[in-house]
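K.L.:
After the structure tokens below, expect a handful of questions from me.
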Amino acid sequence: LLQSATEAFERGEHGQAIEIAGRAETLAHEVDDRCALVGALRLLVALYSRDGQPEQAIVVGQEALQWLRDSEDHAGRADLLCNMAACFLELGLDEDALSHVSEGMEAARKADDPRLLCQAYNRIGLANGQLGQFDEADRFLLDALAIARELQNPEELYRTLNNLGVVASDSFDACRDRGDHELAAQAIARARGFAQEALQVAHASGNAYRAALCLSNLGRYLGVSGEVGPSFELLDQAYALAIKNGYRALALACDGIRAEVLVQAGRHHQAIPVLLIALERAQAMYSSGLVRDLHQQLYKAYKARGSMAEALEQHEKFHALVKTQLEQRSHTQSRLLLNRMELDQARFGAERARMEADLHRERAERMAIENAQLEAEAIELGRNLLADPLTGLGNRRQIDLGLPPLLVHAARSGMTLSIAVLDIDHFKAVNDRFGHPVGDAVLRALADILRTTLRNGDLIARMGGEEFLIALIDTPSQYARETCERLRVAVERYAWDDLAVGLHVTISIGLCIQVVGLDMAEILARADAALYKAKHGGRNQVAELAAAT
């Protein structure tokens with residue numbers, strides 16, 4: 001069954017492959033074949049990812065990771081973690097993606113497998129590209145390309161070339177938006193070159209999905225370069241392949257690209273009917289991401305045509321969807337965390353079942369006591385948590401109640417934990433010059449920046465006045481630093497002039513890396529010392545103080 005599912009996957013017949021792999025998983029459970037079970041789960045992760053079901057792929061991947069936890073199968077872990085990272089990226093959970101791909105890269109090195117290392121470079125390159133760090137993305141992806149060429153592996157070569165094209169295209173969009181037309185032209189030329197080579201590899205593989213995806217990408221790159229006719233020829237080929245093989249989302253994406261090219265060419269009257277039909281089909285598929293993008297394109301088309309009422313309507317629908325999707329992203333993260341916890345509990349239960357009766361009873365009683373204590377603590381915590389009335393963030397009480405359990409959990413699980421304290425520079429001068437209402441508005445705006453920049457799972461609270469605390473949970477040191485720097489830049493670049501003419505706000509951040517093993521007083525003292533360092537170093541900067549080991 002696994003062999004049949006793999007062959008169907010390689011042919012691009014994803015629906016059939018999922019059905020066969022699901023039967024293999026059920027049978028592996030029945031006969032208690034752990035090796036076959038892990039193989040089926042890993043295959044399902046890749047299939048669900050390609051079939052547009054990233055959350056389901058992660059759920060299956062979390063179960064597979066449970067089975068691989070104590071295994072020496074570093075290659076299997078690397079492959080699984082890299083595929084899961086791609087799904088986190090698709091869901092917009094960039095930090096989770098970077099965490100998984102970093103772990104996957106380490107597993108690939110342990111496995112001493114160049115193909116898996118190529119995969120890891122691909123995923124981390126895409127993650128950096130999605131965060132707008134195009135130079136870093138190129139560096140990793142070009143390393144992956146060198147490995148793929150050396151291996152002469154068609155699958156990895158296709159994947160890397162396609163990803164290089166996507167990142168170059170994203171760089172083109174960014175350069176065009178800021179008016180840097182020379183760099184934009186260079187970027188789209190690179191995208192075209194990578195896409196053309198990727199298309200050759202896809203055709204040689206006989207994989208219909210890869211060919212359709214490459215054709216649609218290359219069609220876009222030609223279209224935004226002004227070559228409308230050749231662009232539409234490629235999009236027609238991609239659309240026909242997508243319809244023939246049941247790739248509905250890809251077919252709709254072709255319509256969206258076609259309309260984008262029409263708008264750029266000034267043919268708004270032709271673009272709008274295409275977009276309206278595509279929007280109707282996307283809504284029928286419940287494809288919220290595609291619906292959002294189509295609303296945005298309709299806004300641009302109506303605006304360019306001068307139909308401002310229709311443009312405003314599409315603009316409002318686009319932003320409503322963005323807000324909804326941010327909420328859904330938070331709910332998705334919560335569901336995935338709950339699923340992982342449930343899998344942990346199931347794994348512990350399976351282990352206990354194999355123990356002798358007396359050891360089983362002892363452990364069961366201990367777990368019952370610990371669960372009761374945790375539930376009691378959770379109830380007490382929920383009863384006493386208070387929000388800061390001005391910003392809506394947690395207050396000092398939340399820090400006092402929420403940080404100690406985080407430290408305990410991090411110490412038990414080996415999870416990384418870093419603490420940052422930030423302070424608004426010269427906040428008294430803001431109040432003195434602009435008045436306390438503007439000062440309050442600054443605090444509220446800073447709270448919004450914190451919410452949008454940081455993950456929902458991180459602890460964010462106002463300690464008092466203009467001082468805030470952030471607990472970066474399960475975040476590698478490098479990304480803790482990058483997160484703080486990204487937050488500093490976001491504050492510096494915020495449109496403060498909208499609150500009051502002449503207003504400019506910056507923050508200083510004190511970061512304490514890897515605080516596991518310290519008590520709360522020591523952590524706050526170290527973070528304050530780092531903040532003091534940032535203040536006396538000139539403000540508007542991140543200063544770091546590593547925790548003692």
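Residue numbering restarts at 1 for every chain of the structure tokens, chains are lettered A, B, ... in their displayed order, and ligands are numbered from 1 as they appear.
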Within 10 Å of Ala461 (chain A), counting only C-alpha atoms, which residues qualify if same-chain residues fewer than 4 places away don't, as a PyMOL selection string?
P.N.:
chain A and resi 387-388+391-399+421+447+450+467-471
K.L.:
With N, CA and C atoms retained, write the just-selected residues as a short mmCIF file (atom, residue, chain, number, x, y, z; two decimals), in the first residue's frame.
P.N.:
```
data_model
loop_
_atom_site.label_atom_id
_atom_site.label_comp_id
_atom_site.auth_asym_id
_atom_site.auth_seq_id
_atom_site.Cartn_x
_atom_site.Cartn_y
_atom_site.Cartn_z
N ALA A 387 -6.31 42.25 33.26
CA ALA A 387 -5.79 42.96 32.09
C ALA A 387 -5.53 44.41 32.44
N ASP A 388 -4.52 44.98 31.83
CA ASP A 388 -4.26 46.41 31.97
C ASP A 388 -5.37 47.18 31.27
N THR A 391 -4.18 49.40 27.89
CA THR A 391 -3.65 48.75 26.68
C THR A 391 -4.34 47.45 26.32
N GLY A 392 -5.06 46.83 27.27
CA GLY A 392 -5.66 45.53 27.00
C GLY A 392 -4.68 44.38 27.14
N LEU A 393 -3.40 44.67 27.40
CA LEU A 393 -2.42 43.62 27.66
C LEU A 393 -2.53 43.14 29.10
N GLY A 394 -1.77 42.10 29.43
CA GLY A 394 -1.71 41.69 30.82
C GLY A 394 -1.05 42.75 31.66
N ASN A 395 -1.33 42.68 32.97
CA ASN A 395 -0.73 43.64 33.88
C ASN A 395 0.35 42.96 34.73
N ARG A 396 0.83 43.63 35.76
CA ARG A 396 1.88 43.07 36.60
C ARG A 396 1.41 41.77 37.28
N ARG A 397 0.13 41.70 37.58
CA ARG A 397 -0.42 40.49 38.21
C ARG A 397 -0.25 39.29 37.27
N GLN A 398 -0.46 39.53 35.98
CA GLN A 398 -0.30 38.44 35.02
C GLN A 398 1.15 37.96 34.99
N ILE A 399 2.08 38.89 35.07
CA ILE A 399 3.49 38.50 35.11
C ILE A 399 3.77 37.65 36.35
N VAL A 421 12.60 43.17 28.44
CA VAL A 421 11.90 44.30 29.05
C VAL A 421 12.14 45.49 28.13
N ALA A 447 1.04 48.81 22.30
CA ALA A 447 0.44 47.51 22.61
C ALA A 447 -0.02 46.81 21.34
N LEU A 450 2.99 45.38 19.58
CA LEU A 450 3.44 44.16 20.26
C LEU A 450 2.58 42.98 19.85
N GLU A 467 6.73 50.80 30.74
CA GLU A 467 7.59 49.63 30.71
C GLU A 467 6.76 48.37 30.46
N PHE A 468 7.25 47.50 29.56
CA PHE A 468 6.55 46.28 29.19
C PHE A 468 7.51 45.10 29.29
N LEU A 469 6.92 43.91 29.51
CA LEU A 469 7.70 42.67 29.58
C LEU A 469 7.19 41.70 28.53
N ILE A 470 8.15 40.99 27.89
CA ILE A 470 7.83 39.97 26.89
C ILE A 470 8.56 38.69 27.26
N ALA A 471 7.83 37.56 27.25
CA ALA A 471 8.45 36.24 27.43
C ALA A 471 8.36 35.52 26.09
#
```
K.L.:
Need the shell around Glu233 (chain A): protein/DNA/RNA residues with any atom at most 9 Å away, counting only C-alpha atoms. Skip same-chain ones fewer than 5 positions apart. Format as a list in words?
P.N.:
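Once the nearby chain positions are removed, what remains is Gly219, Val228 and Ala238 of chain A.
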K.L.:
I'd like the interatomic distance between CA of Ala97 (chain A) and CA of Ala85 (chain A), to a tenth of an Å.
P.N.:
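Going from CA of Ala97 (chain A) over to CA of Ala85 (chain A), I get 4.2 Å.
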K.L.:
Which is closest to Gln297 (chain A) among A:Arg149, A:His29, A:Lys535, A:His315, if we use only C-alpha atoms?
P.N.:
A:His315
K.L.:
Please provide the set of residues having any atom within 7 Å of region 171-175 of chain A, restricted to only C-alpha atoms, with same-chain residues fewer than 6 positions apart removed, written as a short mmCIF file (atom, residue, chain, number, x, y, z; two decimals) with all heavy atoms, in the first residue's frame.
P.N.:
```
data_model
loop_
_atom_site.label_atom_id
_atom_site.label_comp_id
_atom_site.auth_asym_id
_atom_site.auth_seq_id
_atom_site.Cartn_x
_atom_site.Cartn_y
_atom_site.Cartn_z
N PHE A 134 15.32 38.74 1.93
CA PHE A 134 15.57 38.10 0.64
C PHE A 134 17.03 37.68 0.45
O PHE A 134 17.30 36.66 -0.19
CB PHE A 134 15.12 39.03 -0.49
CG PHE A 134 13.66 39.37 -0.43
CD1 PHE A 134 13.23 40.68 -0.26
CD2 PHE A 134 12.69 38.37 -0.50
CE1 PHE A 134 11.89 41.00 -0.20
CE2 PHE A 134 11.34 38.68 -0.44
CZ PHE A 134 10.94 39.99 -0.28
N HIS A 181 12.72 50.44 -9.55
CA HIS A 181 12.40 49.69 -10.76
C HIS A 181 13.59 48.93 -11.32
O HIS A 181 13.42 47.87 -11.94
CB HIS A 181 11.84 50.66 -11.81
CG HIS A 181 10.60 51.35 -11.36
ND1 HIS A 181 9.42 50.67 -11.08
CD2 HIS A 181 10.35 52.66 -11.08
CE1 HIS A 181 8.50 51.52 -10.69
NE2 HIS A 181 9.03 52.73 -10.68
N LEU A 183 16.10 47.42 -9.59
CA LEU A 183 16.23 46.17 -8.83
C LEU A 183 15.05 45.24 -9.12
O LEU A 183 15.20 44.01 -9.15
CB LEU A 183 16.32 46.47 -7.34
CG LEU A 183 17.68 46.92 -6.82
CD1 LEU A 183 17.62 47.19 -5.32
CD2 LEU A 183 18.76 45.89 -7.12
N ALA A 184 13.86 45.83 -9.31
CA ALA A 184 12.68 45.02 -9.62
C ALA A 184 12.88 44.26 -10.93
O ALA A 184 12.56 43.06 -11.03
CB ALA A 184 11.44 45.90 -9.70
N ALA A 187 15.21 41.39 -10.40
CA ALA A 187 14.59 40.30 -9.63
C ALA A 187 13.67 39.46 -10.50
O ALA A 187 13.69 38.22 -10.43
CB ALA A 187 13.82 40.88 -8.44
N ILE A 188 12.85 40.11 -11.34
CA ILE A 188 11.90 39.33 -12.14
C ILE A 188 12.63 38.57 -13.24
O ILE A 188 12.20 37.48 -13.65
CB ILE A 188 10.79 40.24 -12.73
CG1 ILE A 188 9.54 39.39 -13.05
CG2 ILE A 188 11.26 40.99 -13.93
CD1 ILE A 188 8.91 38.74 -11.85
#
```
K.L.:
Which residue is closest to Ser71 (chain A)? Choose from A:Ala410, A:Tyr494, A:Ala107, A:Asp519 and count only C-alpha atoms.
P.N.:
A:Ala107
K.L.:
Please identify all polymer residues within 12 Å of Asp113 (chain A), counting only C-alpha atoms, omitting same-chain residues fewer than 2 positions from it, and present them as a VMD selection string.
P.N.:
chain A and resid 73 to 79 104 to 111 115 to 120 147 to 148 151
K.L.:
List as a PyMOL selection string the protein and nucleic acid residues near Ala304 (chain A), meaning an atom at most 8 Å away when only C-alpha atoms are counted, but skip any in the same chain fewer than 6 places from it.
P.N.:
chain A and resi 263+266+268
K.L.:
When you draw a straight line from CA of Gln264 (chain A) to CA of Gln296 (chain A), how long is it in Å?
P.N.:
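Between these atoms lies a distance of 13.9 Å.
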K.L.:
Neighbouring residues of Lys428 (chain A) were defined as those with any atom within 10 Å, considering only C-alpha atoms; residues of the same chain fewer than 6 positions away were excluded. Please report them as a ChimeraX atom specification.
P.N.:
/A:434-436,439,466
K.L.:
Let me make sure I understand: among A:Cys512, A:Leu487, A:Val501, A:Leu417, which one has the smallest atom-to-atom distance to Asp474 (chain A) if we use only C-alpha atoms?
P.N.:
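The closest residue to Asp474 (chain A) is A:Leu417.
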K.L.:
So how many Å separate CA of Asp448 (chain A) and CA of Gly125 (chain A), to one decimal?
P.N.:
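Separation between CA of Asp448 (chain A) and CA of Gly125 (chain A): 28.8 Å.
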